[in-house]
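Accompanying notes for the structure given below.
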Amino acid sequence: MISQHATGERDIVIVGNGMAGARMAEELRQRQPDPRQLTITVIGDEPCPAYNRILLSTVLAGGLTARETRLKPDSWYERNAITVRTGVLAEKIDRDARRVYLNDGSIVEYDDLVLATGSRSFVPPMEGIRTSDGALARGVRAFRTVEDCDAILAATTPGARITVLGGGLLGLEAARGALGRGAEVTVVHPASHPMERQLDGDGGAVLARVLEDMGMRLVLGQRARSLIHDEDGTLTGLLLEDGTELATDLVVLSAGIRPCTELAEQCGLDIDRGVIVDDQLRTSDERIRAIGECAEHRGMVYGLVQPAWEHAAVVADHLTGTNATSSYQGTSQTTRLKAHGIDLASMGEVYTDLHDREAEVLALADPVRGRYAKVIVRDERLVGAVLLGNPEVTGMLAQYFDTGMAVPADRMALLLGRGAAGIAEAASPANMPGSAVVCKCNSVTKSQITAAFREGARDTRAVASVTRATTGCGGCTSAVDGLCGWLKKGDPDAKHARNEASIPLEHQHEEGAA
């Protein structure tokens with residue numbers, strides 16, 4: 001066995017080279033650029049460099065190549081003295097000796113360990129879905145990795161019969177991508193409407209109609225019972241609970257995710273649904289932290305990128321001594337469906353209805369045109385919204401939701417996006433507070449974007465390079481485009497915004513801060 005021990009005064013090992021692990025390394029190096037003070041080693045079981053997993057649906061739809069989803073150029077890690085070992089699996093942790101044992105026979109020693117092991121696709125318990133050795137059967141793919149995406153792309157030819165198990169966010173993105181490539185797509189989902197976690201029944205019904213009008217077949221309220229293979233082992237069909245048989249060439253699994261906690265369990269850390277952590281992301285071992293989809297904080301396991309990156313920032317603050325009071329308090333969730341031809345956003349409460357006397361609930365439905373809007377207001381604050389086919393108001397409502405600003409007295413204007421001067425003013429870049437968060441995934445504010453513009457980042461791509469805005473889910477791209485356009489116009493108010501951007505954030509006016 002080869003023992004690898006770094007030479008820094010403090011050696012940090014990150015297990016997981018996904019979005020959370022890569023961000024963890026970046027946050028650490030930003031705070032401590034001297035590798036003699038802080039050695040960073042990242043262990044990843046996938047053979048490729050870290051990439052933006054969220055963008056795989058865009059790859060499937062043909063909007064990007066897999067290489068374009070990489071988070072950093074290969075040279076970035078070398079320039080920043082970060083050691084990344086890909087294609088190796090961490091198999092065991094010795095907490096007493098502070099060692100991580102890898103499947104290539106090597107050992108990595110640590111002073112502090114960060115688990116960013118992520119999650120894996122849930123495989124429904126059904127006949128024929130696995131081979132005798134536990135692998136997925138022929139014709140079955142998860143939709144989780146670049147390798148999965150490549151396999152689905154290879155099978156998604158015009159006329160191919162694709163069945164997606166799961167009508168949640170990721171399942172619908174995969175289904176829409178396959179549909180756009182000419183495949184015949186069926187989505188099997190056990191709930192009565194798609195995306196039931198993000199949509200109420202009425203919104204779900206409108207979304208179902210939109211998807212069916214695009215040519216997608218939805219089988220709702222049903223589960224798959226078994227897969228059907230011919231004598232050669234080739235997948236030919238799928239049997240549903242009611243006995244219906246669906247002919248299919250490929251089954252794509254998107255029935256949820258499960259945190260990868262095996263390594264934490266092996267070394268005896270406290271686990272429930274995920275690895276249990278406190279507000280500083282510490283596990284039951286003070287030398288080990290957990291972030292991202294494998295971590296459980298206050299009973300919540302998040303499957304989104306924004307919480308993972310907020311976790312990384314808090315851990316980096318503590319491990320580098322930058323901010324001993326830094327803590328994670330949870331994340332208010334906003335979800336956007338990234339599927340061609342569908343503009344859907346969901347935030348906060350969605351199931352509150354007219355029977356709740358403590359809330360104001362407004363809803364408009366236009367199923368024929370594929371539009372649905374619902375907002376929930378409590379104590380003059382927007383606490384929830386569903387928007388389908390209403391891109392013109394999504395950004396404005398997101399600002400109300402994120403900042404906690406009081407909503408206008410004309411509640412109907414929240415749904416229509418017009419008719420209230422207060423809304424128009426709030427939506428204008430000139431009146432947006434500098435502390436307003438434009439990119440939730442990366443916590444990038446208007447002031448930070450304006451400062452980047454002042455320093456020469458004159459378009460969205462350049463702003464992304466400096467601030468990381470748009471590099472998460474991509475849902476804020478239009479907002480960043482609009483802000484850059486406003487700054488380019490030389491709006492008289494932009495001078496104030498640019499001056500504001502030069503003021504350190506901690507000294508700016510805090511009203512409306514997220």
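Identifiers in the structure tokens: chain A, B, ... in order shown; residue index from 1 per chain; ligand index from 1 in order shown.
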Pick out the residues sitting within 8 Å of region 449-464 of chain A, and hand them over as a PyMOL selection string; count only C-alpha atoms, and ignore anything fewer than 2 positions along from it in its own chain.
chain A and resi 444-447+466-471+477+480-481+484+487-488+497-498+501-502
Spatial neighbours of Ile43 (chain A), max dist 7 Å, only C-alpha atoms, sep filter under 2 positions, as a list of chain:residue names:
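These residues fall inside the cut-off: A:Ile14, A:Val15, A:Gly16, A:Asn17, A:Thr41, A:Asp45, A:Val84, A:Arg85, A:Thr86, A:Val88.
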Counting only C-alpha atoms, which of A:Ala20, A:Leu211, A:Glu262, A:Arg289 gets nearest to Leu179 (chain A)?
A:Leu211
May I ask for the distance between CA of Tyr51 (chain A) and CA of Ile271 (chain A), given in Å to one decimal place?
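We find that CA of Tyr51 (chain A) and CA of Ile271 (chain A) lie 27.4 Å from each other.
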Excluding same-chain residues fewer than 4 positions from Val275 (chain A), what lies within 12 Å of it counting only C-alpha atoms, as a PyMOL selection string?
chain A and resi 114-119+258-271+281-285+288-302
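Minimum distance to Arg176 (chain A) across A:Ser121, A:Thr58, A:Thr403, A:Ser346 (counting only C-alpha atoms) occurs at A:Thr58.
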If we count only C-alpha atoms, what is near Asn52 (chain A) at a cut-off of 12 Å, once residues fewer than 3 positions away on the same chain are taken out, given as a VMD selection string?
chain A and resid 17 to 23 48 to 49 55 to 59 64 to 72 144 to 146 304 to 305 470 to 474
Select from region 105-270 of chain A everything DSSP, run on the backbone, classes as alpha helix (DSSP H), then give the selection as JSON, numbers by chain.
{"A": [146, 147, 148, 149, 150, 151, 152, 153, 154, 155, 169, 170, 171, 172, 173, 174, 175, 176, 177, 178, 179, 180, 201, 202, 203, 204, 205, 206, 207, 208, 209, 210, 211, 212, 213, 262, 263, 264, 265, 266]}
So how many Å separate CA of Gly348 (chain A) and CA of Met214 (chain A), to one decimal?
28.0 Å
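Across the structure, CA of Arg141 (chain A) and CA of Leu250 (chain A) are spaced 7.6 Å apart.
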Find the residues around His189 (chain A) up to 10 Å (only C-alpha atoms counted), leave out those fewer than 5 positions away in its own chain, and share them as a compact mmCIF listing (two decimals) with N, CA and C atoms, in the first residue's frame.
# COMPACT_ATOMS: atom_id res chain seq x y z
N VAL A 164 -39.70 6.69 -19.57
CA VAL A 164 -39.07 7.33 -18.42
C VAL A 164 -39.88 6.98 -17.18
N LEU A 165 -39.23 6.38 -16.19
CA LEU A 165 -39.90 6.09 -14.93
C LEU A 165 -39.68 7.25 -13.98
N GLY A 166 -40.70 8.05 -13.79
CA GLY A 166 -40.61 9.21 -12.91
C GLY A 166 -40.94 10.49 -13.63
N GLY A 167 -41.97 11.18 -13.17
CA GLY A 167 -42.39 12.43 -13.78
C GLY A 167 -42.06 13.63 -12.93
N GLY A 168 -40.93 13.54 -12.22
CA GLY A 168 -40.45 14.70 -11.48
C GLY A 168 -39.63 15.60 -12.37
N GLY A 171 -36.90 13.73 -14.52
CA GLY A 171 -37.54 12.83 -15.47
C GLY A 171 -38.15 13.57 -16.64
N PRO A 194 -47.79 15.25 -12.76
CA PRO A 194 -46.33 15.34 -12.75
C PRO A 194 -45.84 16.43 -11.80
N MET A 195 -44.60 16.27 -11.33
CA MET A 195 -43.95 17.24 -10.46
C MET A 195 -44.81 17.61 -9.26
N LEU A 218 -48.29 10.41 -21.17
CA LEU A 218 -48.19 10.34 -19.72
C LEU A 218 -49.06 9.21 -19.19
N VAL A 219 -48.48 8.36 -18.38
CA VAL A 219 -49.22 7.31 -17.69
C VAL A 219 -49.13 7.65 -16.20
N LEU A 220 -50.20 8.23 -15.64
CA LEU A 220 -50.20 8.74 -14.28
C LEU A 220 -50.94 7.81 -13.34
N GLY A 221 -50.56 7.86 -12.07
CA GLY A 221 -51.19 7.02 -11.08
C GLY A 221 -50.87 5.55 -11.24
N GLN A 222 -49.74 5.24 -11.86
CA GLN A 222 -49.36 3.86 -12.13
C GLN A 222 -47.88 3.65 -11.79
N ARG A 223 -47.59 2.42 -11.40
CA ARG A 223 -46.20 2.02 -11.19
C ARG A 223 -45.87 0.87 -12.14
N ALA A 224 -44.59 0.77 -12.47
CA ALA A 224 -44.14 -0.36 -13.29
C ALA A 224 -43.98 -1.59 -12.40
N SER A 254 -35.72 7.70 -13.38
CA SER A 254 -35.68 9.02 -12.76
C SER A 254 -36.75 9.07 -11.68
N ALA A 255 -36.67 8.07 -10.79
CA ALA A 255 -37.69 7.89 -9.75
C ALA A 255 -37.22 8.39 -8.40
Distance criterion (only C-alpha atoms): nearest to Thr156 (chain A) out of A:Ala61, A:Val100, A:Ile107, A:Asp230:
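Of the candidates, the smallest distance to Thr156 (chain A) is held by A:Ala61.
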Which residues are close to region 333-345 of chain A, i.e. within 6 Å by only C-alpha atoms, leaving aside same-chain residues fewer than 3 positions away? Reply as a ChimeraX atom specification.
/A:173,386-389
Best match for closeness to Leu60 (chain A) among A:His318, A:Lys92, A:Arg29, A:Arg181, counting only C-alpha atoms:
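Checking each candidate against Leu60 (chain A), we get A:Arg181 as the closest.
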Test item: residues at most 12 Å from Val252 (chain A), only C-alpha atoms, excluding those fewer than 5 positions along its chain, as a JSON list (two decimals) with all heavy atoms, in the first residue's frame:
[["chain", "number", "residue", "atom", "x", "y", "z"],
["A", 121, "SER", "N", -29.22, 7.44, -8.25],
["A", 121, "SER", "CA", -30.60, 7.25, -8.68],
["A", 121, "SER", "C", -31.23, 6.09, -7.91],
["A", 121, "SER", "O", -30.61, 5.04, -7.72],
["A", 121, "SER", "CB", -30.65, 6.96, -10.18],
["A", 121, "SER", "OG", -30.24, 8.08, -10.93],
["A", 122, "PHE", "N", -32.46, 6.29, -7.50],
["A", 122, "PHE", "CA", -33.21, 5.23, -6.84],
["A", 122, "PHE", "C", -33.65, 4.22, -7.90],
["A", 122, "PHE", "O", -34.18, 4.59, -8.95],
["A", 122, "PHE", "CB", -34.43, 5.81, -6.14],
["A", 122, "PHE", "CG", -35.39, 4.77, -5.61],
["A", 122, "PHE", "CD1", -34.99, 3.91, -4.60],
["A", 122, "PHE", "CD2", -36.67, 4.66, -6.13],
["A", 122, "PHE", "CE1", -35.88, 2.95, -4.12],
["A", 122, "PHE", "CE2", -37.55, 3.71, -5.66],
["A", 122, "PHE", "CZ", -37.15, 2.85, -4.64],
["A", 123, "VAL", "N", -33.43, 2.95, -7.63],
["A", 123, "VAL", "CA", -33.84, 1.88, -8.54],
["A", 123, "VAL", "C", -35.08, 1.21, -7.96],
["A", 123, "VAL", "O", -35.00, 0.56, -6.91],
["A", 123, "VAL", "CB", -32.72, 0.85, -8.74],
["A", 123, "VAL", "CG1", -33.17, -0.25, -9.71],
["A", 123, "VAL", "CG2", -31.45, 1.53, -9.27],
["A", 124, "PRO", "N", -36.23, 1.37, -8.58],
["A", 124, "PRO", "CA", -37.46, 0.78, -8.04],
["A", 124, "PRO", "C", -37.34, -0.74, -7.94],
["A", 124, "PRO", "O", -36.74, -1.39, -8.79],
["A", 124, "PRO", "CB", -38.53, 1.17, -9.07],
["A", 124, "PRO", "CG", -37.94, 2.31, -9.83],
["A", 124, "PRO", "CD", -36.47, 2.07, -9.85],
["A", 129, "ILE", "N", -35.30, -5.74, -13.42],
["A", 129, "ILE", "CA", -34.58, -4.48, -13.56],
["A", 129, "ILE", "C", -33.08, -4.64, -13.30],
["A", 129, "ILE", "O", -32.28, -3.81, -13.73],
["A", 129, "ILE", "CB", -35.18, -3.40, -12.62],
["A", 129, "ILE", "CG1", -34.79, -1.99, -13.11],
["A", 129, "ILE", "CG2", -34.75, -3.61, -11.18],
["A", 129, "ILE", "CD1", -35.58, -0.88, -12.48],
["A", 136, "LEU", "N", -27.68, -3.04, -13.50],
["A", 136, "LEU", "CA", -28.92, -2.76, -14.22],
["A", 136, "LEU", "C", -28.98, -3.62, -15.47],
["A", 136, "LEU", "O", -27.98, -3.86, -16.15],
["A", 136, "LEU", "CB", -28.99, -1.28, -14.60],
["A", 136, "LEU", "CG", -29.16, -0.27, -13.46],
["A", 136, "LEU", "CD1", -29.18, 1.15, -14.00],
["A", 136, "LEU", "CD2", -30.43, -0.55, -12.66],
["A", 137, "ALA", "N", -30.19, -4.10, -15.76],
["A", 137, "ALA", "CA", -30.38, -4.98, -16.91],
["A", 137, "ALA", "C", -30.19, -4.21, -18.22],
["A", 137, "ALA", "O", -30.19, -2.97, -18.25],
["A", 137, "ALA", "CB", -31.78, -5.59, -16.86],
["A", 138, "ARG", "N", -29.99, -4.97, -19.29],
["A", 138, "ARG", "CA", -29.88, -4.35, -20.62],
["A", 138, "ARG", "C", -31.11, -3.52, -20.91],
["A", 138, "ARG", "O", -32.24, -3.93, -20.63],
["A", 138, "ARG", "CB", -29.71, -5.42, -21.69],
["A", 138, "ARG", "CG", -28.31, -6.02, -21.74],
["A", 138, "ARG", "CD", -28.26, -7.18, -22.72],
["A", 138, "ARG", "NE", -28.65, -6.78, -24.08],
["A", 138, "ARG", "CZ", -28.78, -7.64, -25.09],
["A", 138, "ARG", "NH1", -28.55, -8.93, -24.90],
["A", 138, "ARG", "NH2", -29.13, -7.20, -26.29],
["A", 139, "GLY", "N", -30.87, -2.36, -21.51],
["A", 139, "GLY", "CA", -32.00, -1.50, -21.85],
["A", 139, "GLY", "C", -32.48, -0.61, -20.73],
["A", 139, "GLY", "O", -33.50, 0.07, -20.88],
["A", 140, "VAL", "N", -31.76, -0.59, -19.61],
["A", 140, "VAL", "CA", -32.13, 0.25, -18.47],
["A", 140, "VAL", "C", -30.97, 1.18, -18.14],
["A", 140, "VAL", "O", -29.83, 0.74, -18.00],
["A", 140, "VAL", "CB", -32.47, -0.60, -17.23],
["A", 140, "VAL", "CG1", -32.88, 0.31, -16.07],
["A", 140, "VAL", "CG2", -33.57, -1.60, -17.55],
["A", 141, "ARG", "N", -31.24, 2.46, -18.02],
["A", 141, "ARG", "CA", -30.22, 3.44, -17.65],
["A", 141, "ARG", "C", -30.77, 4.41, -16.63],
["A", 141, "ARG", "O", -31.93, 4.82, -16.69],
["A", 141, "ARG", "CB", -29.76, 4.26, -18.86],
["A", 141, "ARG", "CG", -29.05, 3.51, -19.93],
["A", 141, "ARG", "CD", -27.74, 2.89, -19.53],
["A", 141, "ARG", "NE", -26.80, 3.77, -18.88],
["A", 141, "ARG", "CZ", -25.48, 3.51, -18.81],
["A", 141, "ARG", "NH1", -24.98, 2.41, -19.35],
["A", 141, "ARG", "NH2", -24.67, 4.34, -18.19],
["A", 142, "ALA", "N", -29.94, 4.75, -15.67],
["A", 142, "ALA", "CA", -30.25, 5.88, -14.81],
["A", 142, "ALA", "C", -29.95, 7.15, -15.61],
["A", 142, "ALA", "O", -29.33, 7.09, -16.67],
["A", 142, "ALA", "CB", -29.42, 5.83, -13.54],
["A", 143, "PHE", "N", -30.39, 8.30, -15.11],
["A", 143, "PHE", "CA", -30.04, 9.57, -15.74],
["A", 143, "PHE", "C", -29.35, 10.41, -14.68],
["A", 143, "PHE", "O", -29.96, 11.23, -14.01],
["A", 143, "PHE", "CB", -31.28, 10.26, -16.28],
["A", 143, "PHE", "CG", -30.99, 11.54, -17.03],
["A", 143, "PHE", "CD1", -29.87, 11.65, -17.84],
["A", 143, "PHE", "CD2", -31.82, 12.63, -16.92],
["A", 143, "PHE", "CE1", -29.59, 12.81, -18.53],
["A", 143, "PHE", "CE2", -31.57, 13.81, -17.62],
["A", 143, "PHE", "CZ", -30.44, 13.89, -18.42],
["A", 144, "ARG", "N", -28.04, 10.14, -14.51],
["A", 144, "ARG", "CA", -27.33, 10.73, -13.40],
["A", 144, "ARG", "C", -25.95, 11.24, -13.77],
["A", 144, "ARG", "O", -25.48, 12.24, -13.24],
["A", 144, "ARG", "CB", -27.22, 9.69, -12.28],
["A", 144, "ARG", "CG", -26.71, 10.21, -10.96],
["A", 144, "ARG", "CD", -27.73, 11.06, -10.28],
["A", 144, "ARG", "NE", -27.22, 11.68, -9.07],
["A", 144, "ARG", "CZ", -27.73, 12.78, -8.53],
["A", 144, "ARG", "NH1", -28.74, 13.39, -9.09],
["A", 144, "ARG", "NH2", -27.23, 13.27, -7.42],
["A", 148, "ASP", "N", -24.20, 7.97, -18.30],
["A", 148, "ASP", "CA", -25.63, 7.71, -18.51],
["A", 148, "ASP", "C", -26.15, 8.52, -19.69],
["A", 148, "ASP", "O", -26.89, 8.02, -20.54],
["A", 148, "ASP", "CB", -26.44, 8.08, -17.26],
["A", 148, "ASP", "CG", -26.16, 7.17, -16.08],
["A", 148, "ASP", "OD1", -25.83, 6.00, -16.30],
["A", 148, "ASP", "OD2", -26.26, 7.65, -14.94],
["A", 149, "CYS", "N", -25.77, 9.78, -19.71],
["A", 149, "CYS", "CA", -26.24, 10.68, -20.77],
["A", 149, "CYS", "C", -25.78, 10.18, -22.14],
["A", 149, "CYS", "O", -26.57, 10.17, -23.10],
["A", 149, "CYS", "CB", -25.72, 12.10, -20.50],
["A", 149, "CYS", "SG", -26.47, 13.37, -21.52],
["A", 151, "ALA", "N", -25.13, 7.11, -23.01],
["A", 151, "ALA", "CA", -25.87, 5.90, -23.35],
["A", 151, "ALA", "C", -27.29, 6.23, -23.81],
["A", 151, "ALA", "O", -27.81, 5.62, -24.76],
["A", 151, "ALA", "CB", -25.91, 4.96, -22.15],
["A", 152, "ILE", "N", -27.92, 7.17, -23.15],
["A", 152, "ILE", "CA", -29.28, 7.56, -23.54],
["A", 152, "ILE", "C", -29.26, 8.23, -24.91],
["A", 152, "ILE", "O", -30.13, 7.97, -25.75],
["A", 152, "ILE", "CB", -29.89, 8.50, -22.47],
["A", 152, "ILE", "CG1", -30.07, 7.74, -21.15],
["A", 152, "ILE", "CG2", -31.24, 9.05, -22.94],
["A", 152, "ILE", "CD1", -30.42, 8.63, -19.98],
["A", 153, "LEU", "N", -28.27, 9.08, -25.15],
["A", 153, "LEU", "CA", -28.14, 9.72, -26.45],
["A", 153, "LEU", "C", -27.98, 8.68, -27.56],
["A", 153, "LEU", "O", -28.59, 8.80, -28.63],
["A", 153, "LEU", "CB", -26.94, 10.67, -26.46],
["A", 153, "LEU", "CG", -27.14, 12.04, -25.81],
["A", 153, "LEU", "CD1", -25.81, 12.76, -25.69],
["A", 153, "LEU", "CD2", -28.13, 12.87, -26.61],
["A", 155, "ALA", "N", -29.10, 5.72, -27.68],
["A", 155, "ALA", "CA", -30.33, 4.96, -27.90],
["A", 155, "ALA", "C", -31.48, 5.83, -28.39],
["A", 155, "ALA", "O", -32.49, 5.31, -28.88],
["A", 155, "ALA", "CB", -30.75, 4.27, -26.60],
["A", 156, "THR", "N", -31.34, 7.14, -28.26],
["A", 156, "THR", "CA", -32.44, 8.04, -28.59],
["A", 156, "THR", "C", -32.35, 8.47, -30.05],
["A", 156, "THR", "O", -31.86, 9.55, -30.38],
["A", 156, "THR", "CB", -32.43, 9.27, -27.66],
["A", 156, "THR", "OG1", -32.42, 8.83, -26.31],
["A", 156, "THR", "CG2", -33.67, 10.13, -27.88],
["A", 161, "ARG", "N", -38.41, 3.93, -28.94],
["A", 161, "ARG", "CA", -39.43, 3.97, -27.90],
["A", 161, "ARG", "C", -38.74, 4.08, -26.54],
["A", 161, "ARG", "O", -38.09, 3.16, -26.08],
["A", 161, "ARG", "CB", -40.29, 2.70, -27.97],
["A", 161, "ARG", "CG", -41.03, 2.55, -29.30],
["A", 161, "ARG", "CD", -41.58, 1.14, -29.49],
["A", 161, "ARG", "NE", -40.50, 0.14, -29.45],
["A", 161, "ARG", "CZ", -40.70, -1.17, -29.61],
["A", 161, "ARG", "NH1", -41.93, -1.63, -29.81],
["A", 161, "ARG", "NH2", -39.68, -2.01, -29.57],
["A", 162, "ILE", "N", -38.89, 5.24, -25.93],
["A", 162, "ILE", "CA", -38.23, 5.55, -24.66],
["A", 162, "ILE", "C", -39.29, 5.66, -23.57],
["A", 162, "ILE", "O", -40.27, 6.39, -23.72],
["A", 162, "ILE", "CB", -37.44, 6.87, -24.73],
["A", 162, "ILE", "CG1", -36.51, 6.88, -25.95],
["A", 162, "ILE", "CG2", -36.68, 7.09, -23.43],
["A", 162, "ILE", "CD1", -35.42, 5.87, -25.92],
["A", 163, "THR", "N", -39.09, 4.94, -22.47],
["A", 163, "THR", "CA", -39.99, 5.04, -21.32],
["A", 163, "THR", "C", -39.21, 5.61, -20.14],
["A", 163, "THR", "O", -38.16, 5.08, -19.76],
["A", 163, "THR", "CB", -40.56, 3.68, -20.93],
["A", 163, "THR", "OG1", -41.28, 3.13, -22.04],
["A", 163, "THR", "CG2", -41.52, 3.81, -19.74],
["A", 164, "VAL", "N", -39.70, 6.69, -19.57],
["A", 164, "VAL", "CA", -39.07, 7.33, -18.42],
["A", 164, "VAL", "C", -39.88, 6.98, -17.18],
["A", 164, "VAL", "O", -41.09, 7.24, -17.14],
["A", 164, "VAL", "CB", -39.00, 8.86, -18.59],
["A", 164, "VAL", "CG1", -38.37, 9.50, -17.35],
["A", 164, "VAL", "CG2", -38.21, 9.23, -19.84],
["A", 165, "LEU", "N", -39.23, 6.38, -16.19],
["A", 165, "LEU", "CA", -39.90, 6.09, -14.93],
["A", 165, "LEU", "C", -39.68, 7.25, -13.98],
["A", 165, "LEU", "O", -38.57, 7.43, -13.46],
["A", 165, "LEU", "CB", -39.36, 4.79, -14.32],
["A", 165, "LEU", "CG", -39.57, 3.50, -15.10],
["A", 165, "LEU", "CD1", -39.12, 2.30, -14.28],
["A", 165, "LEU", "CD2", -41.04, 3.34, -15.50],
["A", 166, "GLY", "N", -40.70, 8.05, -13.79],
["A", 166, "GLY", "CA", -40.61, 9.21, -12.91],
["A", 166, "GLY", "C", -40.94, 10.49, -13.63],
["A", 166, "GLY", "O", -40.27, 10.84, -14.61],
["A", 167, "GLY", "N", -41.97, 11.18, -13.17],
["A", 167, "GLY", "CA", -42.39, 12.43, -13.78],
["A", 167, "GLY", "C", -42.06, 13.63, -12.93],
["A", 167, "GLY", "O", -42.81, 14.62, -12.90],
["A", 170, "LEU", "N", -36.29, 15.99, -13.00],
["A", 170, "LEU", "CA", -35.27, 15.40, -13.86],
["A", 170, "LEU", "C", -35.88, 14.48, -14.91],
["A", 170, "LEU", "O", -35.44, 14.46, -16.06],
["A", 170, "LEU", "CB", -34.26, 14.64, -13.01],
["A", 170, "LEU", "CG", -33.00, 14.16, -13.71],
["A", 170, "LEU", "CD1", -32.21, 15.33, -14.26],
["A", 170, "LEU", "CD2", -32.13, 13.34, -12.76],
["A", 171, "GLY", "N", -36.90, 13.73, -14.52],
["A", 171, "GLY", "CA", -37.54, 12.83, -15.47],
["A", 171, "GLY", "C", -38.15, 13.57, -16.64],
["A", 171, "GLY", "O", -38.02, 13.14, -17.80],
["A", 172, "LEU", "N", -38.80, 14.69, -16.37],
["A", 172, "LEU", "CA", -39.43, 15.45, -17.45],
["A", 172, "LEU", "C", -38.38, 16.11, -18.33],
["A", 172, "LEU", "O", -38.57, 16.24, -19.55],
["A", 172, "LEU", "CB", -40.39, 16.49, -16.88],
["A", 172, "LEU", "CG", -41.63, 15.94, -16.18],
["A", 172, "LEU", "CD1", -42.56, 17.07, -15.78],
["A", 172, "LEU", "CD2", -42.38, 14.94, -17.06],
["A", 173, "GLU", "N", -37.27, 16.53, -17.74],
["A", 173, "GLU", "CA", -36.20, 17.11, -18.56],
["A", 173, "GLU", "C", -35.61, 16.06, -19.50],
["A", 173, "GLU", "O", -35.35, 16.33, -20.68],
["A", 173, "GLU", "CB", -35.12, 17.70, -17.65],
["A", 173, "GLU", "CG", -35.57, 18.95, -16.93],
["A", 173, "GLU", "CD", -34.54, 19.52, -15.97],
["A", 173, "GLU", "OE1", -33.49, 18.88, -15.79],
["A", 173, "GLU", "OE2", -34.78, 20.60, -15.42],
["A", 174, "ALA", "N", -35.42, 14.85, -18.97],
["A", 174, "ALA", "CA", -34.92, 13.76, -19.82],
["A", 174, "ALA", "C", -35.93, 13.42, -20.91],
["A", 174, "ALA", "O", -35.57, 13.22, -22.08],
["A", 174, "ALA", "CB", -34.63, 12.53, -18.97],
["A", 175, "ALA", "N", -37.20, 13.36, -20.54],
["A", 175, "ALA", "CA", -38.25, 13.02, -21.50],
["A", 175, "ALA", "C", -38.36, 14.07, -22.60],
["A", 175, "ALA", "O", -38.50, 13.74, -23.78],
["A", 175, "ALA", "CB", -39.58, 12.87, -20.77],
["A", 178, "ALA", "N", -35.40, 13.70, -25.04],
["A", 178, "ALA", "CA", -35.58, 12.56, -25.95],
["A", 178, "ALA", "C", -36.66, 12.84, -26.99],
["A", 178, "ALA", "O", -36.53, 12.48, -28.16],
["A", 178, "ALA", "CB", -35.92, 11.31, -25.14],
["A", 185, "VAL", "N", -41.91, 8.99, -26.65],
["A", 185, "VAL", "CA", -41.61, 9.05, -25.22],
["A", 185, "VAL", "C", -42.85, 8.84, -24.38],
["A", 185, "VAL", "O", -43.89, 9.48, -24.60],
["A", 185, "VAL", "CB", -40.97, 10.41, -24.85],
["A", 185, "VAL", "CG1", -40.66, 10.46, -23.36],
["A", 185, "VAL", "CG2", -39.69, 10.62, -25.66],
["A", 186, "THR", "N", -42.73, 7.94, -23.42],
["A", 186, "THR", "CA", -43.79, 7.70, -22.43],
["A", 186, "THR", "C", -43.21, 7.93, -21.03],
["A", 186, "THR", "O", -42.12, 7.45, -20.72],
["A", 186, "THR", "CB", -44.33, 6.26, -22.52],
["A", 186, "THR", "OG1", -44.86, 6.03, -23.82],
["A", 186, "THR", "CG2", -45.42, 6.02, -21.48],
["A", 187, "VAL", "N", -43.94, 8.66, -20.21],
["A", 187, "VAL", "CA", -43.53, 8.90, -18.82],
["A", 187, "VAL", "C", -44.50, 8.16, -17.91],
["A", 187, "VAL", "O", -45.72, 8.37, -17.99],
["A", 187, "VAL", "CB", -43.52, 10.40, -18.48],
["A", 187, "VAL", "CG1", -43.20, 10.60, -17.00],
["A", 187, "VAL", "CG2", -42.52, 11.14, -19.35],
["A", 188, "VAL", "N", -43.99, 7.29, -17.06],
["A", 188, "VAL", "CA", -44.79, 6.56, -16.09],
["A", 188, "VAL", "C", -44.53, 7.17, -14.72],
["A", 188, "VAL", "O", -43.38, 7.23, -14.26],
["A", 188, "VAL", "CB", -44.44, 5.06, -16.08],
["A", 188, "VAL", "CG1", -45.27, 4.32, -15.03],
["A", 188, "VAL", "CG2", -44.68, 4.46, -17.47],
["A", 238, "LEU", "N", -42.49, -3.13, -20.92],
["A", 238, "LEU", "CA", -42.65, -2.79, -19.51],
["A", 238, "LEU", "C", -44.08, -3.14, -19.11],
["A", 238, "LEU", "O", -45.03, -2.77, -19.79],
["A", 238, "LEU", "CB", -42.39, -1.30, -19.32],
["A", 238, "LEU", "CG", -42.49, -0.72, -17.91],
["A", 238, "LEU", "CD1", -41.27, -1.12, -17.09],
["A", 238, "LEU", "CD2", -42.59, 0.80, -17.98]]
Residues of region 245-491 of chain A in strand (DSSP E or B), written as a VMD selection string
chain A and resid 245 to 247 250 to 253 257 to 259 271 275 to 277 282 288 to 290 295 to 297 300 334 to 339 342 to 348 360 to 366 371 to 378 381 to 388 406 437 to 439 444 to 445
Hey, which bits of region 193-297 of chain A sit within 7 Å of region 357-377 of chain A, and for each residue what's the closest pair of atoms and how far apart in Å (one decimal), counting only C-alpha atoms, rows by chain and increasing number, as JSON lines?
{"residue": "A:Gly203", "atom": "CA", "partner": "A:Tyr372", "partner_atom": "CA", "distance": 6.0}
{"residue": "A:Val206", "atom": "CA", "partner": "A:Pro367", "partner_atom": "CA", "distance": 5.2}
{"residue": "A:Leu207", "atom": "CA", "partner": "A:Gly370", "partner_atom": "CA", "distance": 7.0}
{"residue": "A:Val210", "atom": "CA", "partner": "A:Gly370", "partner_atom": "CA", "distance": 5.6}
Output the selection as an mmCIF file, in the first residue's frame - C-alpha atoms for each residue.
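Contents of result27.cif, freshly written:
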data_model
loop_
_atom_site.group_PDB
_atom_site.id
_atom_site.type_symbol
_atom_site.label_atom_id
_atom_site.label_comp_id
_atom_site.auth_asym_id
_atom_site.auth_seq_id
_atom_site.Cartn_x
_atom_site.Cartn_y
_atom_site.Cartn_z
ATOM 1 C CA GLY A 203 -50.896 23.422 -11.992
ATOM 2 C CA VAL A 206 -52.014 22.216 -16.926
ATOM 3 C CA LEU A 207 -48.442 20.936 -17.179
ATOM 4 C CA VAL A 210 -48.704 20.983 -22.172
#
